[in-house]
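Right, one structure below, let's go through it.
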Amino acid sequence: MKSNYEPLGKHIKLIDTRNKERITDRVLGININKFFMPSVANVIGTDLSSYKLLCKGRFACNPMHVGRDERLPVALYDEDEPAIVSPAYLMFEITDNSVLNEEYLMMWFHRPEFDRVCWLHTDGSVRGGITWDDICRLELPVPPIKEQIEIVKSYKAITDRIALKRRINDNLVA
């Protein structure tokens with residue numbers, strides 16, 4: 001039932017804010033588990049003013065490795081302090097948070113089906129990249145915002161419970 005599916009491009013816009021004022025030198029990358037991590041790149045002597053400035057509520061993704069890793073490294077930045085990402089990354093934000101919840105969207109990005117569809121849209125390059133236009137054409141269900149918030153709330157309750165059970169199990173093993 002795809003009646004409420006809409007193209008992602010209807011709800012997001014590309015952002016290209018650079019670190020021109022050198023607000024920060026904290027460089028982040030995105031791992032394949034879709035979380036930000038300290039960059040492993042050697043940036044000594046690199047002009048960080050051309051790096052993209054990441055602020056709370058923005059998404060970043062590395063479109064170049066989808067074919068190789070069979071997933072789109074994408075993450076939602078949720079910290080108050082800004083950071084920077086590679087100029088090669090795509091950075092975007094939701095155009096209307098009253099229509100699409102950022103945590104709901106990130107939940108959708110975590111689905112294996114999302115990565116499979118991204119992989120099918122990769123180009124023929126060695127790394128198998130995906131274009132911004134292809135990302136915008138991807139479809140996702142967009143239920144009413146109240147329903148999205150309830151879905152996120154339920155998902156968080158389940159993942160928090162799983163994390164608690166893992167900590168308990170780790171303590172029992174120790």
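In the structure tokens, chains take letters A, B, ... by order of appearance, with residues numbered from 1 within each chain and ligands from 1 in the order shown.
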### Query
Contacts of Trp132 of chain A at 9 Å or less, counting only C-alpha atoms, minus same-chain residues fewer than 2 places along, as an MDAnalysis selection string?
chainID A and resid 14 63 90 130 134:137
Selection export as a PDB file, in the first residue's frame, atoms kept: N, CA and C atoms:
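Saved the output as result.pdb:
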ATOM      1  N   LEU A  14      18.763  20.912   0.095  1.00  0.00           N
ATOM      2  CA  LEU A  14      20.213  20.862   0.187  1.00  0.00           C
ATOM      3  C   LEU A  14      20.724  22.128   0.869  1.00  0.00           C
ATOM      4  N   PRO A  63      27.559  10.319  -0.149  1.00  0.00           N
ATOM      5  CA  PRO A  63      26.924   9.635  -1.273  1.00  0.00           C
ATOM      6  C   PRO A  63      27.880   8.794  -2.115  1.00  0.00           C
ATOM      7  N   LEU A  90      26.978  15.518   1.313  1.00  0.00           N
ATOM      8  CA  LEU A  90      25.749  16.273   1.077  1.00  0.00           C
ATOM      9  C   LEU A  90      25.168  16.609   2.440  1.00  0.00           C
ATOM     10  N   ILE A 130      25.666   7.738  -5.244  1.00  0.00           N
ATOM     11  CA  ILE A 130      24.271   8.071  -5.513  1.00  0.00           C
ATOM     12  C   ILE A 130      24.186   9.593  -5.617  1.00  0.00           C
ATOM     13  N   ASP A 134      18.799  11.466  -7.228  1.00  0.00           N
ATOM     14  CA  ASP A 134      18.304  10.119  -6.918  1.00  0.00           C
ATOM     15  C   ASP A 134      17.818  10.020  -5.479  1.00  0.00           C
ATOM     16  N   ILE A 135      18.526  10.671  -4.568  1.00  0.00           N
ATOM     17  CA  ILE A 135      18.081  10.683  -3.167  1.00  0.00           C
ATOM     18  C   ILE A 135      16.715  11.359  -3.073  1.00  0.00           C
ATOM     19  N   CYS A 136      16.550  12.451  -3.773  1.00  0.00           N
ATOM     20  CA  CYS A 136      15.282  13.190  -3.748  1.00  0.00           C
ATOM     21  C   CYS A 136      14.132  12.387  -4.346  1.00  0.00           C
ATOM     22  N   ARG A 137      14.427  11.467  -5.244  1.00  0.00           N
ATOM     23  CA  ARG A 137      13.383  10.647  -5.856  1.00  0.00           C
ATOM     24  C   ARG A 137      12.970   9.456  -4.986  1.00  0.00           C
TER      25      ARG A 137
END
### Task
Give me the residues within 10 Å of Leu28 of chain A as number ranges by chain, counting only C-alpha atoms and dropping any in the same chain fewer than 4 places off.
A: 35-41, 54, 83-86
Suppose we keep N, CA and C atoms; can you now write the selection as a compact mmCIF listing (two decimals), in the first residue's frame?
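Saved the output as again23.txt:
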# COMPACT_ATOMS: atom_id res chain seq x y z
N PHE A 35 25.95 6.91 12.26
CA PHE A 35 26.23 7.78 13.39
C PHE A 35 27.44 8.64 13.06
N PHE A 36 27.44 9.86 13.60
CA PHE A 36 28.62 10.71 13.44
C PHE A 36 29.73 10.18 14.33
N MET A 37 30.95 10.33 13.87
CA MET A 37 32.13 9.90 14.62
C MET A 37 33.26 10.88 14.30
N PRO A 38 34.27 10.96 15.15
CA PRO A 38 35.42 11.81 14.81
C PRO A 38 36.03 11.32 13.49
N SER A 39 36.39 12.25 12.65
CA SER A 39 36.95 11.90 11.34
C SER A 39 38.30 11.21 11.50
N VAL A 40 38.55 10.24 10.63
CA VAL A 40 39.84 9.55 10.63
C VAL A 40 40.78 10.17 9.59
N ALA A 41 40.29 11.18 8.87
CA ALA A 41 41.09 11.83 7.83
C ALA A 41 42.19 12.69 8.47
N LEU A 54 28.01 22.00 10.16
CA LEU A 54 26.91 21.16 10.58
C LEU A 54 26.30 21.72 11.87
N ALA A 83 29.77 21.44 14.24
CA ALA A 83 30.92 20.64 13.80
C ALA A 83 31.02 20.82 12.30
N ILE A 84 32.03 20.23 11.69
CA ILE A 84 32.17 20.32 10.23
C ILE A 84 32.33 18.93 9.64
N VAL A 85 31.92 18.82 8.38
CA VAL A 85 32.07 17.58 7.63
C VAL A 85 32.74 17.89 6.29
N SER A 86 33.19 16.86 5.66
CA SER A 86 33.87 16.99 4.37
C SER A 86 33.05 17.77 3.36
### Message
If you run DSSP on the backbone here, which positions in chain A get strand (DSSP E)? Please write them as JSON, numbers by chain.
### Response
{"A": [5, 6, 7, 12, 13, 14, 15, 28, 29, 30, 36, 37, 38, 52, 53, 54, 59, 60, 61, 74, 75, 76, 83, 84, 85, 90, 91, 92, 93, 94, 139, 140, 141]}
Using only N, CA, C and O atoms, please write the residues we just selected to a file, as a CSV table (one decimal), in the first residue's frame.
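Below is the file that was written, out-v2.csv:
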chain,number,residue,atom,x,y,z
A,5,TYR,N,2.9,7.3,0.3
A,5,TYR,CA,4.4,7.5,0.0
A,5,TYR,C,4.6,8.8,-0.8
A,5,TYR,O,3.8,9.1,-1.7
A,6,GLU,N,5.6,9.5,-0.5
A,6,GLU,CA,5.9,10.7,-1.2
A,6,GLU,C,7.4,10.8,-1.5
A,6,GLU,O,8.2,10.2,-0.7
A,7,PRO,N,7.8,11.5,-2.5
A,7,PRO,CA,9.3,11.6,-2.8
A,7,PRO,C,10.0,12.4,-1.7
A,7,PRO,O,9.4,13.4,-1.2
A,12,ILE,N,12.8,17.8,1.8
A,12,ILE,CA,14.2,18.2,2.2
A,12,ILE,C,14.8,19.2,1.2
A,12,ILE,O,14.3,19.3,0.1
A,13,LYS,N,15.8,19.9,1.7
A,13,LYS,CA,16.5,20.9,0.8
A,13,LYS,C,18.0,20.8,1.1
A,13,LYS,O,18.4,20.5,2.3
A,14,LEU,N,18.8,20.9,0.1
A,14,LEU,CA,20.2,20.9,0.2
A,14,LEU,C,20.7,22.1,0.9
A,14,LEU,O,20.2,23.2,0.6
A,15,ILE,N,21.7,22.0,1.8
A,15,ILE,CA,22.3,23.1,2.5
A,15,ILE,C,23.8,23.1,2.2
A,15,ILE,O,24.4,22.1,2.2
A,28,LEU,N,33.9,15.7,11.6
A,28,LEU,CA,33.2,14.5,11.8
A,28,LEU,C,33.1,13.7,10.5
A,28,LEU,O,33.0,14.3,9.4
A,29,GLY,N,32.9,12.4,10.6
A,29,GLY,CA,32.6,11.6,9.5
A,29,GLY,C,31.3,10.8,9.9
A,29,GLY,O,30.8,11.0,11.0
A,30,ILE,N,30.9,10.0,9.0
A,30,ILE,CA,29.7,9.2,9.3
A,30,ILE,C,30.1,7.7,9.1
A,30,ILE,O,30.6,7.3,8.0
A,36,PHE,N,27.4,9.9,13.6
A,36,PHE,CA,28.6,10.7,13.4
A,36,PHE,C,29.7,10.2,14.3
A,36,PHE,O,29.5,9.6,15.4
A,37,MET,N,31.0,10.3,13.9
A,37,MET,CA,32.1,9.9,14.6
A,37,MET,C,33.3,10.9,14.3
A,37,MET,O,33.2,11.6,13.3
A,38,PRO,N,34.3,11.0,15.2
A,38,PRO,CA,35.4,11.8,14.8
A,38,PRO,C,36.0,11.3,13.5
A,38,PRO,O,36.2,10.1,13.3
A,52,LYS,N,31.9,21.8,5.3
A,52,LYS,CA,30.5,22.2,5.5
A,52,LYS,C,30.2,22.3,7.0
A,52,LYS,O,30.6,21.4,7.8
A,53,LEU,N,29.5,23.3,7.4
A,53,LEU,CA,29.2,23.6,8.8
A,53,LEU,C,27.9,22.9,9.2
A,53,LEU,O,26.9,23.1,8.6
A,54,LEU,N,28.0,22.0,10.2
A,54,LEU,CA,26.9,21.2,10.6
A,54,LEU,C,26.3,21.7,11.9
A,54,LEU,O,27.0,21.9,12.9
A,59,PHE,N,21.0,17.0,8.5
A,59,PHE,CA,21.5,15.7,8.1
A,59,PHE,C,22.7,15.9,7.2
A,59,PHE,O,22.9,16.9,6.5
A,60,ALA,N,23.6,14.9,7.3
A,60,ALA,CA,24.7,14.8,6.4
A,60,ALA,C,24.8,13.4,5.8
A,60,ALA,O,24.5,12.5,6.6
A,61,CYS,N,25.3,13.3,4.6
A,61,CYS,CA,25.5,11.9,4.1
A,61,CYS,C,26.7,11.9,3.1
A,61,CYS,O,27.0,12.9,2.5
A,74,VAL,N,24.3,8.1,6.4
A,74,VAL,CA,23.6,9.3,6.6
A,74,VAL,C,23.3,9.4,8.1
A,74,VAL,O,23.1,8.4,8.8
A,75,ALA,N,23.4,10.6,8.6
A,75,ALA,CA,23.1,10.8,10.1
A,75,ALA,C,22.5,12.2,10.3
A,75,ALA,O,22.7,13.1,9.6
A,76,LEU,N,21.8,12.2,11.4
A,76,LEU,CA,21.1,13.4,11.9
A,76,LEU,C,22.0,14.0,13.0
A,76,LEU,O,22.3,13.3,14.0
A,83,ALA,N,29.8,21.4,14.2
A,83,ALA,CA,30.9,20.6,13.8
A,83,ALA,C,31.0,20.8,12.3
A,83,ALA,O,30.2,21.5,11.7
A,84,ILE,N,32.0,20.2,11.7
A,84,ILE,CA,32.2,20.3,10.2
A,84,ILE,C,32.3,18.9,9.6
A,84,ILE,O,32.8,18.0,10.3
A,85,VAL,N,31.9,18.8,8.4
A,85,VAL,CA,32.1,17.6,7.6
A,85,VAL,C,32.7,17.9,6.3
A,85,VAL,O,32.8,19.0,5.9
A,90,LEU,N,27.0,15.5,1.3
A,90,LEU,CA,25.7,16.3,1.1
A,90,LEU,C,25.2,16.6,2.4
A,90,LEU,O,25.2,15.8,3.3
A,91,MET,N,24.7,17.8,2.6
A,91,MET,CA,24.1,18.3,3.9
A,91,MET,C,22.7,18.8,3.5
A,91,MET,O,22.5,19.5,2.6
A,92,PHE,N,21.7,18.4,4.3
A,92,PHE,CA,20.4,18.8,4.0
A,92,PHE,C,19.6,18.9,5.3
A,92,PHE,O,20.0,18.5,6.4
A,93,GLU,N,18.4,19.6,5.2
A,93,GLU,CA,17.5,19.7,6.3
A,93,GLU,C,16.0,19.5,5.8
A,93,GLU,O,15.8,19.7,4.6
A,94,ILE,N,15.2,19.3,6.7
A,94,ILE,CA,13.7,19.2,6.4
A,94,ILE,C,13.2,20.6,6.2
A,94,ILE,O,13.5,21.5,7.0
A,139,GLU,N,11.3,7.3,-2.2
A,139,GLU,CA,10.0,7.6,-1.6
A,139,GLU,C,9.9,7.0,-0.2
A,139,GLU,O,10.5,6.0,0.1
A,140,LEU,N,9.1,7.7,0.7
A,140,LEU,CA,8.9,7.2,2.0
A,140,LEU,C,7.5,7.5,2.4
A,140,LEU,O,6.9,8.4,1.9
A,141,PRO,N,7.0,6.8,3.4
A,141,PRO,CA,5.6,7.1,3.9
A,141,PRO,C,5.6,8.3,4.8
A,141,PRO,O,6.5,8.4,5.6
Would you pick out the contacts of Glu79 of chain A at 9 Å or less, using only C-alpha atoms, so that residues sharing its chain but fewer than 4 positions from it are not included, and give the list as a short mmCIF file (atom, residue, chain, number, x, y, z; two decimals) with N, CA, C and O atoms, in the first residue's frame?
data_model
loop_
_atom_site.label_atom_id
_atom_site.label_comp_id
_atom_site.auth_asym_id
_atom_site.auth_seq_id
_atom_site.Cartn_x
_atom_site.Cartn_y
_atom_site.Cartn_z
N CYS A 55 25.01 21.98 11.84
CA CYS A 55 24.30 22.51 13.01
C CYS A 55 23.20 21.52 13.40
O CYS A 55 22.79 20.68 12.60
N LYS A 56 22.71 21.68 14.61
CA LYS A 56 21.67 20.79 15.14
C LYS A 56 20.47 20.74 14.19
O LYS A 56 20.02 21.76 13.68
N GLY A 57 19.96 19.53 13.96
CA GLY A 57 18.79 19.35 13.12
C GLY A 57 19.09 19.13 11.65
O GLY A 57 18.18 18.91 10.86
N ALA A 83 29.77 21.44 14.24
CA ALA A 83 30.92 20.64 13.80
C ALA A 83 31.02 20.82 12.30
O ALA A 83 30.19 21.50 11.69
#
### Message
I want to know what sits within 7 Å of segment 115-120 of chain A, based on only C-alpha atoms, with residues of the same chain fewer than 6 positions away left out; could you give that as a list in words?
### Response
Val66, Gly67, Glu70, Arg71 and Leu72 of chain A
### Task
Provide the atom CA of Thr46 of chain A to atom CA of Asn62 of chain A distance in Å, to one decimal place.
19.4 Å
### Task
Can you pull out every residue within 12 Å of segment 155-167 of chain A, counting only C-alpha atoms, but drop anything in the same chain fewer than 2 positions away, and send it as a PyMOL selection string?
chain A and resi 103-104+106-108+110+148-153+169-174
Save the residues we just selected, N, CA, C and O atoms, as a CSV table (one decimal), in the first residue's frame?
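The result, stored in part-v2.csv:
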chain,number,residue,atom,x,y,z
A,103,GLU,N,13.4,12.9,13.5
A,103,GLU,CA,13.7,11.6,14.1
A,103,GLU,C,13.0,10.5,13.3
A,103,GLU,O,13.5,9.4,13.2
A,104,TYR,N,11.8,10.8,12.8
A,104,TYR,CA,11.1,9.8,12.0
A,104,TYR,C,11.8,9.5,10.7
A,104,TYR,O,12.0,8.4,10.3
A,106,MET,N,15.1,9.9,10.2
A,106,MET,CA,16.3,9.2,10.6
A,106,MET,C,16.0,7.7,10.8
A,106,MET,O,16.7,6.8,10.4
A,107,MET,N,14.8,7.5,11.5
A,107,MET,CA,14.4,6.1,11.7
A,107,MET,C,14.2,5.4,10.3
A,107,MET,O,14.6,4.2,10.2
A,108,TRP,N,13.6,6.1,9.4
A,108,TRP,CA,13.4,5.5,8.0
A,108,TRP,C,14.8,5.2,7.4
A,108,TRP,O,14.9,4.2,6.7
A,110,HIS,N,17.4,4.3,8.8
A,110,HIS,CA,18.0,3.1,9.4
A,110,HIS,C,17.5,1.8,8.9
A,110,HIS,O,18.0,0.7,9.1
A,148,GLN,N,3.7,10.2,13.3
A,148,GLN,CA,5.2,10.1,13.2
A,148,GLN,C,5.8,10.2,14.6
A,148,GLN,O,6.7,9.4,15.0
A,149,ILE,N,5.3,11.1,15.4
A,149,ILE,CA,5.9,11.3,16.8
A,149,ILE,C,5.6,10.1,17.6
A,149,ILE,O,6.5,9.7,18.4
A,150,GLU,N,4.4,9.5,17.5
A,150,GLU,CA,4.1,8.3,18.3
A,150,GLU,C,4.9,7.1,17.8
A,150,GLU,O,5.4,6.3,18.7
A,151,ILE,N,5.2,7.0,16.5
A,151,ILE,CA,6.1,5.9,16.0
A,151,ILE,C,7.5,6.1,16.6
A,151,ILE,O,8.1,5.1,17.1
A,152,VAL,N,8.0,7.3,16.6
A,152,VAL,CA,9.3,7.6,17.1
A,152,VAL,C,9.4,7.2,18.6
A,152,VAL,O,10.3,6.6,19.1
A,153,LYS,N,8.3,7.7,19.3
A,153,LYS,CA,8.3,7.4,20.8
A,153,LYS,C,8.2,5.9,21.1
A,153,LYS,O,9.0,5.4,22.0
A,169,ASN,N,22.6,-8.0,30.8
A,169,ASN,CA,23.3,-9.2,30.4
A,169,ASN,C,24.8,-9.1,30.5
A,169,ASN,O,25.5,-10.0,31.0
A,170,ASP,N,25.3,-7.9,30.2
A,170,ASP,CA,26.8,-7.7,30.3
A,170,ASP,C,27.2,-7.8,31.8
A,170,ASP,O,28.3,-8.3,32.1
A,171,ASN,N,26.4,-7.2,32.6
A,171,ASN,CA,26.7,-7.3,34.1
A,171,ASN,C,26.7,-8.7,34.6
A,171,ASN,O,27.5,-9.1,35.4
A,172,LEU,N,25.7,-9.5,34.1
A,172,LEU,CA,25.6,-10.9,34.5
A,172,LEU,C,26.9,-11.7,34.1
A,172,LEU,O,27.4,-12.5,34.8
A,173,VAL,N,27.3,-11.4,32.8
A,173,VAL,CA,28.5,-12.1,32.3
A,173,VAL,C,29.7,-11.7,33.1
A,173,VAL,O,30.6,-12.5,33.4
A,174,ALA,N,29.8,-10.4,33.5
A,174,ALA,CA,31.0,-9.9,34.2
A,174,ALA,C,31.0,-10.5,35.6
A,174,ALA,O,31.9,-10.9,36.2
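Remark: for Asn31 of chain A, the closest of the candidate residues A:Pro144, A:Pro73, A:Gly128, A:Pro112 is A:Pro73 (distances computed over only C-alpha atoms).
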## Note on the structure
Atom pair atom CA of Pro87 of chain A + atom CA of Gly124 of chain A, distance 22.0 Å
### Task
Pick out each residue of segment 53-120 of chain A that DSSP on the backbone tags as alpha helix (DSSP H); I need them as a ChimeraX atom specification.
/A:66-69,102-109,112-120
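What separates atom CA of Tyr51 of chain A from atom CA of Leu100 of chain A is a distance of 27.4 Å.
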